[in-house]
file target-v4.txt (compact mmCIF, C-alpha atoms)
# COMPACT_ATOMS: atom_id res chain seq x y z
CA MET A 1 0.00 0.00 0.00
CA THR A 2 1.06 3.59 -0.65
CA THR A 3 1.02 5.84 2.41
CA LEU A 4 0.55 9.54 1.69
CA ASP A 5 2.64 11.48 4.19
CA PRO A 6 2.01 15.20 3.50
CA THR A 7 5.70 16.17 3.67
CA VAL A 8 6.81 13.34 1.36
CA ILE A 9 4.02 14.05 -1.10
CA GLU A 10 4.90 17.76 -1.07
CA GLN A 11 8.49 16.92 -2.00
CA GLN A 12 7.34 14.61 -4.80
CA VAL A 13 4.86 17.21 -6.06
CA GLN A 14 7.61 19.83 -6.17
CA ASN A 15 9.60 17.49 -8.44
CA ILE A 16 6.64 16.85 -10.76
CA GLU A 17 7.40 19.93 -12.87
CA ASN A 18 10.66 18.15 -13.79
CA THR A 19 9.21 14.66 -14.17
CA ASP A 20 5.79 15.63 -15.71
CA ALA A 21 3.63 13.27 -13.64
CA LEU A 22 3.48 10.81 -10.77
CA VAL A 23 1.48 7.56 -10.58
CA LEU A 24 0.68 6.17 -7.11
CA LYS A 25 -0.97 2.75 -6.87
CA ASP A 26 -2.98 1.16 -4.05
CA VAL A 27 -3.39 4.39 -2.10
CA HIS A 28 -5.54 3.58 0.91
CA ARG A 29 -6.07 6.85 2.74
CA PHE A 30 -5.99 10.63 2.34
CA PRO A 31 -2.85 12.55 3.39
CA THR A 32 -4.81 14.91 5.66
CA ILE A 33 -8.34 15.48 6.93
CA HIS A 34 -7.90 19.26 6.70
CA SER A 35 -9.10 21.38 3.79
CA VAL A 36 -6.09 22.19 1.63
CA VAL A 37 -5.53 23.71 -1.79
CA LEU A 38 -4.55 21.06 -4.33
CA PRO A 39 -1.14 22.09 -5.74
CA LYS A 40 -1.53 19.94 -8.89
CA MET A 41 -4.28 18.21 -10.86
CA VAL A 42 -5.16 14.79 -9.45
CA ILE A 43 -6.91 11.90 -11.20
CA SER A 44 -8.27 9.22 -8.85
CA ILE A 45 -9.47 5.80 -10.04
CA VAL A 46 -11.23 3.97 -7.21
CA GLN A 47 -10.82 0.20 -7.30
CA LYS A 48 -11.95 -0.97 -3.85
CA GLY A 49 -13.83 0.38 -0.85
CA THR A 50 -15.57 3.70 -0.36
CA ALA A 51 -14.64 7.21 0.73
CA ARG A 52 -16.12 10.60 1.53
CA LEU A 53 -14.38 13.75 0.41
CA SER A 54 -15.02 17.44 -0.04
CA PHE A 55 -14.19 19.40 -3.19
CA ASP A 56 -14.70 23.16 -2.87
CA TYR A 57 -16.78 22.38 0.24
CA SER A 58 -19.22 20.18 -1.67
CA GLU A 59 -19.30 16.68 -0.18
CA HIS A 60 -18.96 13.64 -2.46
CA HIS A 61 -18.99 9.88 -1.98
CA VAL A 62 -16.82 7.60 -4.11
CA ALA A 63 -17.07 3.85 -4.65
CA PRO A 64 -15.45 1.21 -6.89
CA ASN A 65 -15.34 2.20 -10.59
CA ASP A 66 -15.60 5.92 -9.81
CA VAL A 67 -13.09 8.14 -11.60
CA ALA A 68 -12.52 11.63 -10.21
CA ILE A 69 -10.57 14.50 -11.73
CA PHE A 70 -9.73 17.31 -9.35
CA PRO A 71 -8.29 20.38 -11.10
CA ALA A 72 -5.39 22.10 -9.38
CA LYS A 73 -5.80 25.15 -7.13
CA HIS A 74 -9.18 24.06 -5.74
CA ILE A 75 -10.00 23.23 -2.10
CA PHE A 76 -9.96 19.54 -1.19
CA SER A 77 -10.30 17.54 1.99
CA GLY A 78 -10.52 13.80 2.59
CA LEU A 79 -13.19 13.05 5.16
CA HIS A 80 -13.27 9.26 5.54
CA THR A 81 -12.08 6.04 3.90
CA SER A 82 -13.25 2.50 4.49
CA GLU A 83 -10.68 -0.06 5.69
CA ASP A 84 -10.51 -1.70 2.26
CA TYR A 85 -10.29 1.56 0.28
CA SER A 86 -7.83 1.48 -2.61
CA THR A 87 -7.35 3.95 -5.44
CA THR A 88 -4.80 4.72 -8.15
CA LEU A 89 -3.72 8.36 -8.25
CA VAL A 90 -2.22 10.23 -11.18
CA ILE A 91 -0.74 13.63 -10.29
CA LEU A 92 0.02 15.90 -13.26
CA SER A 93 2.42 18.81 -13.61
CA GLU A 94 1.09 22.24 -14.56
CA LYS A 95 3.20 22.24 -17.72
CA LEU A 96 1.92 18.85 -18.86
CA VAL A 97 -1.71 19.89 -18.28
CA GLU A 98 -1.23 23.20 -20.06
CA ASP A 99 0.61 21.68 -23.03
CA ALA A 100 -2.05 18.98 -23.35
CA ARG A 101 -4.78 21.63 -23.23
CA LEU A 102 -3.10 23.76 -25.92
CA THR A 103 -2.69 20.83 -28.30
CA SER A 104 -6.14 19.25 -28.00
CA PHE A 105 -9.60 20.70 -28.46
CA SER A 106 -11.10 17.88 -26.38
CA PHE A 107 -8.99 18.63 -23.30
CA ASN A 108 -11.69 20.64 -21.54
CA LEU A 109 -11.50 20.73 -17.74
CA GLN A 110 -14.62 22.84 -17.12
CA PRO A 111 -16.93 19.82 -16.58
CA TYR A 112 -14.65 18.56 -13.81
CA HIS A 113 -14.84 21.87 -11.94
CA ILE A 114 -18.61 21.44 -11.76
CA LYS A 115 -18.84 17.66 -11.37
CA PRO A 116 -15.48 16.05 -10.60
CA ILE A 117 -16.63 12.44 -10.19
CA ALA A 118 -17.88 10.08 -12.90
CA GLN A 119 -19.43 6.68 -12.21
CA LEU A 120 -18.13 4.23 -14.80
CA THR A 121 -18.58 0.53 -15.48
CA GLU A 122 -15.89 -2.01 -14.61
CA THR A 123 -15.05 -2.38 -18.31
CA GLN A 124 -14.69 1.38 -18.72
CA VAL A 125 -12.45 1.64 -15.64
CA ASN A 126 -10.22 -1.16 -16.97
CA ARG A 127 -9.78 0.85 -20.17
CA ILE A 128 -8.83 3.92 -18.17
CA LEU A 129 -6.36 1.88 -16.11
CA SER A 130 -4.76 0.51 -19.28
CA ILE A 131 -4.13 4.09 -20.44
CA VAL A 132 -2.65 4.90 -17.03
CA GLU A 133 -0.33 1.88 -17.45
CA MET A 134 0.84 3.37 -20.74
CA LEU A 135 1.34 6.74 -19.03
CA GLU A 136 3.43 5.05 -16.34
CA LEU A 137 5.51 3.19 -18.95
CA ILE A 138 6.31 6.46 -20.72
CA LEU A 139 7.21 8.13 -17.40
CA GLN A 140 9.79 5.41 -16.74
CA GLN A 141 11.67 6.18 -19.98
CA LYS A 142 14.64 8.53 -19.72
CA GLY A 143 16.92 10.42 -22.09
CA PRO A 144 17.64 8.94 -25.53
CA VAL A 145 15.32 5.97 -25.00
CA LEU A 146 12.32 8.23 -25.65
CA PRO A 147 13.50 11.65 -26.90
CA HIS A 148 9.94 12.99 -27.29
CA ARG A 149 8.75 11.74 -23.90
CA HIS A 150 6.84 14.93 -22.96
CA GLU A 151 4.96 14.93 -26.26
CA ALA A 152 4.13 11.23 -25.81
CA LEU A 153 2.69 12.00 -22.36
CA CYS A 154 0.55 14.79 -23.84
CA SER A 155 -0.78 12.40 -26.47
CA THR A 156 -1.57 9.79 -23.81
CA LEU A 157 -3.48 12.40 -21.79
CA HIS A 158 -5.46 13.28 -24.91
CA ILE A 159 -6.47 9.62 -25.23
CA LEU A 160 -7.37 9.44 -21.53
CA PHE A 161 -9.66 12.46 -21.77
CA GLU A 162 -11.21 11.30 -25.05
CA PHE A 163 -12.32 8.11 -23.31
CA LEU A 164 -13.50 9.93 -20.17
CA ASN A 165 -15.50 12.45 -22.22
CA ALA A 166 -17.14 9.60 -24.11
CA PHE A 167 -17.91 7.69 -20.91
CA ARG A 168 -19.60 10.65 -19.21
CA GLN A 169 -21.72 11.97 -22.08
CA GLU A 170 -24.92 12.11 -20.02
CA GLU A 171 -23.21 14.00 -17.21
CA ASN A 172 -21.71 16.42 -19.70
CA LYS A 173 -25.23 17.27 -20.92
CA GLU A 174 -26.12 18.29 -17.35
CA ILE A 175 -22.97 20.36 -17.13
CA ASP A 176 -23.75 22.15 -20.40
CA ASN A 177 -26.91 23.43 -18.71
CA ALA A 178 -25.04 24.74 -15.66
CA SER A 179 -26.16 28.09 -14.31
CA ARG A 180 -24.33 31.30 -15.03
CA GLY A 181 -23.40 31.42 -11.37
CA SER A 182 -21.50 28.13 -11.69
CA LEU A 183 -19.55 29.42 -14.66
CA VAL A 184 -18.75 32.71 -12.90
CA TYR A 185 -17.65 30.71 -9.86
CA ILE A 186 -15.22 28.65 -11.98
CA LYS A 187 -13.66 31.79 -13.47
CA PHE A 188 -13.54 33.42 -10.04
CA MET A 189 -11.72 30.41 -8.54
CA ASP A 190 -9.19 30.43 -11.39
CA LEU A 191 -8.51 34.12 -10.73
CA LEU A 192 -8.29 33.50 -6.99
CA ALA A 193 -5.72 30.73 -7.56
CA ALA A 194 -3.61 33.14 -9.60
CA HIS A 195 -3.87 36.21 -7.37
CA TYR A 196 -4.63 35.11 -3.77
CA SER A 197 -1.13 36.06 -2.61
CA GLU A 198 -1.50 39.69 -3.64
CA GLU A 199 -5.24 40.42 -3.68
CA HIS A 200 -7.68 39.61 -0.84
CA LYS A 201 -10.47 42.02 -1.88
CA VAL A 202 -13.66 41.14 -3.77
CA ASN A 203 -13.48 44.31 -5.87
CA PHE A 204 -10.34 43.12 -7.65
CA TYR A 205 -11.94 39.87 -8.82
CA ALA A 206 -15.23 41.50 -9.76
CA GLU A 207 -13.39 44.00 -11.94
CA LYS A 208 -11.53 41.18 -13.68
CA LEU A 209 -14.87 39.52 -14.47
CA CYS A 210 -16.49 42.82 -15.54
CA LEU A 211 -19.15 42.50 -12.82
CA THR A 212 -20.09 44.58 -9.82
CA PRO A 213 -18.83 43.09 -6.53
CA LYS A 214 -22.38 42.70 -5.23
CA TYR A 215 -23.67 40.93 -8.35
CA MET A 216 -20.63 38.67 -8.63
CA SER A 217 -20.96 37.65 -4.99
CA LYS A 218 -24.69 36.96 -5.46
CA LEU A 219 -24.06 34.72 -8.50
CA ILE A 220 -21.40 32.79 -6.63
CA HIS A 221 -23.56 32.48 -3.51
CA ASP A 222 -26.51 31.21 -5.57
CA ALA A 223 -24.29 28.57 -7.17
CA THR A 224 -22.30 27.44 -4.13
CA GLY A 225 -23.97 28.68 -0.95
CA TYR A 226 -20.97 30.89 -0.14
CA GLY A 227 -20.30 34.49 -1.17
CA ALA A 228 -17.08 35.78 -2.72
CA ASN A 229 -15.64 37.07 0.56
CA ALA A 230 -16.16 33.69 2.21
CA TRP A 231 -14.46 31.89 -0.68
CA ILE A 232 -11.44 34.21 -0.50
CA ASP A 233 -11.10 33.59 3.23
CA GLN A 234 -11.55 29.82 2.91
CA TYR A 235 -9.12 29.60 -0.02
CA ILE A 236 -6.39 31.44 1.87
CA LEU A 237 -7.10 29.33 4.97
CA ALA A 238 -6.85 26.08 2.98
CA LYS A 239 -3.62 27.25 1.34
CA SER A 240 -2.17 28.20 4.73
CA LYS A 241 -3.05 24.78 6.21
CA LEU A 242 -1.31 23.02 3.33
CA LEU A 243 1.83 25.09 3.85
CA LEU A 244 1.79 24.65 7.64
CA ILE A 245 1.40 20.87 7.33
CA SER A 246 3.72 20.12 4.42
CA ARG A 247 6.34 22.89 4.43
CA LYS A 248 7.94 22.59 7.84
CA ASP A 249 11.00 24.31 6.39
CA LEU A 250 8.97 27.55 6.19
CA SER A 251 8.47 29.70 9.29
CA VAL A 252 5.02 31.09 10.10
CA GLN A 253 6.35 34.52 9.14
CA ALA A 254 7.49 33.23 5.74
CA ILE A 255 4.10 31.61 5.18
CA SER A 256 2.29 34.83 6.10
CA GLN A 257 4.39 36.68 3.50
CA THR A 258 3.69 33.98 0.89
CA LEU A 259 -0.04 34.44 1.50
CA GLY A 260 0.13 38.21 1.06
CA PHE A 261 -0.34 39.39 4.64
CA PRO A 262 1.45 42.65 5.50
CA GLU A 263 2.71 41.22 8.79
CA GLN A 264 2.67 37.95 10.71
CA ALA A 265 0.27 39.35 13.32
CA SER A 266 -2.37 39.95 10.62
CA PHE A 267 -2.05 36.36 9.44
CA THR A 268 -2.29 35.05 13.01
CA ARG A 269 -5.49 37.07 13.64
CA PHE A 270 -6.98 35.84 10.35
CA PHE A 271 -6.14 32.20 11.12
CA ARG A 272 -7.36 32.37 14.72
CA ASN A 273 -10.65 34.04 13.74
CA LEU A 274 -11.45 31.18 11.35
CA THR A 275 -10.09 28.20 13.31
CA GLY A 276 -9.94 29.22 16.96
CA GLN A 277 -6.21 28.51 17.16
CA SER A 278 -2.98 30.16 16.04
CA PRO A 279 -0.96 28.92 13.04
CA ARG A 280 1.75 27.67 15.43
CA GLU A 281 -0.80 25.73 17.48
CA PHE A 282 -2.26 24.20 14.32
CA ARG A 283 1.18 23.19 13.06
CA PHE A 284 2.18 21.62 16.40
CA GLU A 285 -1.11 19.69 16.58
CA ASN A 286 -0.50 18.23 13.10
CA MET A 287 3.18 17.42 13.36
CA ARG A 288 4.04 13.78 12.64
call {"tool": "encode", "arguments": {"input": "target-v4.txt", "output": "structure tokens"}}
result
Amino acid sequence: MTTLDPTVIEQQVQNIENTDALVLKDVHRFPTIHSVVLPKMVISIVQKGTARLSFDYSEHHVAPNDVAIFPAKHIFSGLHTSEDYSTTLVILSEKLVEDARLTSFSFNLQPYHIKPIAQLTETQVNRILSIVEMLELILQQKGPVLPHRHEALCSTLHILFEFLNAFRQEENKEIDNASRGSLVYIKFMDLLAAHYSEEHKVNFYAEKLCLTPKYMSKLIHDATGYGANAWIDQYILAKSKLLLISRKDLSVQAISQTLGFPEQASFTRFFRNLTGQSPREFRFENMR
């Protein structure tokens, strides 16, 4: 079984931009129960057992033959896994995802922002796993053995998404009818992922979307149950928890600067107001 220690995974994730992707088999639990911001895109193929998880604070249940795609920079937490839970994870670098998106019209991630989990048949899952095996084979090739390795990985991702899009045609019809609020929310979250470290105000994001702050917040609240201010706070909180848990080499002051707070005291007040404890207390409680 693969054990997901947050610090080890963080180190592996940091190397992914050099290695393109990481395949982890027989993963049996989540690395943390806390809400954290996913640093990379994750594909999960459930083979045994069940689990409960939260994606952008919407709770989901997964079971055998479920395939989930969680885009990077969104808020994720693992809530519970059964004793026999087992999944295969594929973690993708930002460069690989972006290059695959630029070279394929079918590489559309919007449906997975709205509905990340697809229920497939056993036959369909076996086809997906066979593509993952090919992905893993390509990842193992180095240097002159496969000189166009990155391009081969992009092509394999294209195939993976072609099959997934075909398998979830009915769900994609539901997604095509998604409300305007859901679409605004997706764009808002993408902007938040890009600018959270320098902009904590709703006005900035509303201006980027050519909407008034009040109207943008209403659309997002109607779609998700949370307004824009709440999402900004929760996103920064989730990002801070990930850094506190996985980056023990960073001081609380360094983390506060990374998150765009003018001083450590401001970050501590923010964290305490939302969690009831200081960043240092949270870190100590979650040290392994």
call {"tool": "closest_residue", "arguments": {"input": "target-v4.txt", "among": "A:Ala206, A:Ile236, A:Leu157, A:Ile255", "to": "Thr103 in chain A", "atoms": "all atoms listed in the file"}}
result
A:Leu157
call {"tool": "closest_residue", "arguments": {"input": "target-v4.txt", "among": "A:Arg101, A:Arg180, A:His113, A:His200", "to": "Leu237 in chain A", "atoms": "only C-alpha atoms"}}
result
A:His200
call {"tool": "atom_distance", "arguments": {"input": "target-v4.txt", "atom1": "CA of Asp20 in chain A", "atom2": "CA of Ser93 in chain A"}}
result
5.1 Å
call {"tool": "closest_residue", "arguments": {"input": "target-v4.txt", "among": "A:Gln169, A:Thr212, A:Ser82, A:Ser77", "to": "Pro31 in chain A", "atoms": "only C-alpha atoms"}}
result
A:Ser77
call {"tool": "closest_residue", "arguments": {"input": "target-v4.txt", "among": "A:Lys187, A:Arg283, A:Arg149, A:Arg52", "to": "Lys241 in chain A", "atoms": "all atoms listed in the file"}}
result
A:Arg283
